[in-house]
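In what follows, a single structure is set out as structure tokens and then discussed.
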Amino acid sequence: MDLTSNLRNHFLIALHGETDPLFHHSVIYLCDHNAQGALGLLLNKPTGIPLADILQSLDINVTDPQLAKMPVFIGGPVQEEVGMVLHNGDVTWQSSVPTSSTLNVTTSRDILFAMAEAKGPEKIFFSLGYSGWSAGQLEDEVGRDFWLVCPAQEKIIFEVPIPQRWEAAIRSLGIEPSQLVTQHANV
């Protein structure tokens, strides 16, 4: 793999999580990757808090009953107080950044108000915080076999049940998880 490639809109699939349990069997969607570093969202680490609770704590009146069961995820260990909405759609909210031709990540409150009224994007993934890498750090980790990398699939983000996302991401590479041999990388 060419480690100088831009890995935006790719999945990172954890091979080694023993050093940090947060990343054990994790799948991360890379929202951005450039010479300054990378930013991604953990896709399979729910907090156990429904999105409606977060919105109500922000004094946002929730009228959409679907939010009662929508999970909030741990996006990563960086800025855990910041809400990040990964979503589809053409609408550009006050603070949206495209991550692919069909997905955006938004951090502004206007999308939260729209979601609460069932006027937001069709597909929504909400996390608190994000995972971040400084310049060269992600490339080093990929080079040391901490991560498998593959193109992202929206189906895995929005449709695959949470406990099956790691295996689904591995299968997207044509690999059966039971055949995957992981070992500790030399540090």
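By order of appearance in the structure tokens: chains A, B, ..., then residues from 1 within every chain, and ligands from 1 in the order shown.
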For the interface of region 41-114 of chain A with region 142-154 of chain A (cut-off 12 Å, counting only C-alpha atoms), please tabulate each contacting residue of region 41-114 of chain A alongside its nearest pair of atoms and their separation in Å to one decimal, rows sorted by chain and increasing number, as CSV.
```
residue,atom,partner,partner_atom,distance
A:Leu43,CA,A:Glu154,CA,11.2
A:Leu86,CA,A:Glu154,CA,10.6
A:His87,CA,A:Glu154,CA,9.7
A:Asn88,CA,A:Glu154,CA,9.1
A:Thr99,CA,A:Ala152,CA,10.6
A:Ser100,CA,A:Ala152,CA,9.6
A:Ser101,CA,A:Glu154,CA,11.6
A:Thr102,CA,A:Glu154,CA,9.2
A:Leu103,CA,A:Glu154,CA,8.7
A:Asn104,CA,A:Glu154,CA,11.8
```
Include N, CA and C atoms and write out the residues we just selected as a tab-separated table (two decimals), in the first residue's frame.
```tsv
chain	number	residue	atom	x	y	z
A	43	LEU	N	-16.67	3.45	14.61
A	43	LEU	CA	-18.01	3.10	14.15
A	43	LEU	C	-18.70	2.03	14.99
A	86	LEU	N	-21.88	12.33	11.17
A	86	LEU	CA	-21.53	11.82	9.85
A	86	LEU	C	-22.85	11.51	9.16
A	87	HIS	N	-23.06	12.05	7.97
A	87	HIS	CA	-24.38	11.92	7.34
A	87	HIS	C	-24.28	11.97	5.83
A	88	ASN	N	-25.36	11.52	5.20
A	88	ASN	CA	-25.48	11.62	3.76
A	88	ASN	C	-26.23	12.91	3.41
A	99	THR	N	-16.64	14.38	3.20
A	99	THR	CA	-15.66	13.31	3.42
A	99	THR	C	-15.61	12.38	2.21
A	100	SER	N	-16.63	12.47	1.36
A	100	SER	CA	-16.69	11.71	0.11
A	100	SER	C	-17.68	12.44	-0.79
A	101	SER	N	-18.00	11.85	-1.93
A	101	SER	CA	-18.97	12.49	-2.82
A	101	SER	C	-20.38	12.40	-2.27
A	102	THR	N	-20.63	11.55	-1.28
A	102	THR	CA	-21.98	11.38	-0.74
A	102	THR	C	-22.10	11.60	0.76
A	103	LEU	N	-20.98	11.75	1.47
A	103	LEU	CA	-21.01	11.90	2.92
A	103	LEU	C	-20.35	13.20	3.36
A	104	ASN	N	-20.86	13.73	4.47
A	104	ASN	CA	-20.31	14.93	5.10
A	104	ASN	C	-20.18	14.66	6.59
```
Taking the DSSP assignment computed from this structure's backbone, write out as number ranges by chain all residues of region 2-185 of chain A that belong to alpha helix (DSSP H).
A: 51-57, 109-116, 137-143, 154-158, 165-171
Write out the residues from the selection above, keeping C-alpha atoms, as a CSV table (one decimal), in the first residue's frame.
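Listed below is the output, part24.csv:
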```
chain,number,residue,atom,x,y,z
A,51,LEU,CA,-29.2,10.6,20.8
A,52,ALA,CA,-32.5,12.0,22.2
A,53,ASP,CA,-30.9,12.3,25.7
A,54,ILE,CA,-27.9,14.3,24.2
A,55,LEU,CA,-30.3,16.6,22.3
A,56,GLN,CA,-32.5,17.2,25.3
A,57,SER,CA,-29.5,18.0,27.5
A,109,ARG,CA,-26.0,22.9,16.1
A,110,ASP,CA,-28.2,23.6,13.1
A,111,ILE,CA,-28.1,20.0,12.0
A,112,LEU,CA,-29.1,18.9,15.6
A,113,PHE,CA,-32.2,21.1,15.5
A,114,ALA,CA,-33.2,19.7,12.1
A,115,MET,CA,-32.6,16.1,13.3
A,116,ALA,CA,-34.8,16.7,16.3
A,137,GLN,CA,1.6,8.8,12.9
A,138,LEU,CA,-1.2,7.0,10.9
A,139,GLU,CA,1.3,6.0,8.2
A,140,ASP,CA,3.6,4.6,10.8
A,141,GLU,CA,0.8,2.6,12.4
A,142,VAL,CA,-0.4,1.2,9.1
A,143,GLY,CA,3.2,0.3,8.2
A,154,GLU,CA,-21.9,3.3,3.6
A,155,LYS,CA,-23.8,0.1,4.2
A,156,ILE,CA,-21.3,-0.8,7.0
A,157,ILE,CA,-21.6,2.6,8.6
A,158,PHE,CA,-25.4,2.9,8.5
A,165,ARG,CA,-19.2,-4.0,11.8
A,166,TRP,CA,-15.6,-5.2,12.4
A,167,GLU,CA,-16.3,-8.5,10.7
A,168,ALA,CA,-18.2,-6.9,7.9
A,169,ALA,CA,-15.3,-4.5,7.2
A,170,ILE,CA,-12.8,-7.4,7.1
A,171,ARG,CA,-15.1,-9.3,4.8
```
Using Å and a single decimal, report how far CA of Gly83 (chain A) sits from CA of Tyr130 (chain A).
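Going from CA of Tyr130 (chain A) over to CA of Gly83 (chain A), I get 9.0 Å.
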With only C-alpha atoms as the atoms that count, which of A:Leu12, A:Val97, A:Leu128, A:Ala118 lies nearest to Asp64 (chain A)?
A:Ala118
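Of the listed residues (A:Ser26, A:Ser95, A:Ser131, A:Gln36), A:Ser26 comes nearest to Ile162 (chain A); the distances count only C-alpha atoms.
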Atom pair CA of Ser108 (chain A) + CA of Pro77 (chain A), distance 19.8 Å
For Ile74 (chain A), work out the shell of residues within 8 Å, counting only C-alpha atoms and skipping chain neighbours fewer than 2 positions away, then give it as an MDAnalysis selection string.
chainID A and resid 41:42 45:47 72 76:77 80 127:130
In Å, how far is it from CA of Glu122 (chain A) to CA of Met84 (chain A)?
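If I compute the distance from CA of Glu122 (chain A) to CA of Met84 (chain A), I get 15.8 Å.
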Pick out the closest residue to Pro65 (chain A) from this set: A:Pro50, A:Trp93, A:Ile13, A:Leu39. Count only C-alpha atoms.
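Among the listed residues, the smallest separation from Pro65 (chain A) belongs to A:Pro50.
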Please identify the strand (DSSP E) residues within region 24-94 of chain A (assignment by DSSP from backbone atoms) and present them as a ChimeraX atom specification.
/A:27-34,37-42,46-50,71-74,78-88
Which is closer to Val62 (chain A) than all the others in A:Thr106, A:Ser5, A:Val160, A:Glu117, using only C-alpha atoms?
A:Glu117
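Using only C-alpha atoms, the shortest contact distance between Ala35 (chain A) and any of A:Ala68, A:Val85, A:Gly136, A:Ala14 is found at A:Gly136.
If only C-alpha atoms are the atoms counted, then among A:Asn6, A:Asn44, A:Gln94, A:Ser172 the closest residue to His24 (chain A) is A:Asn44.
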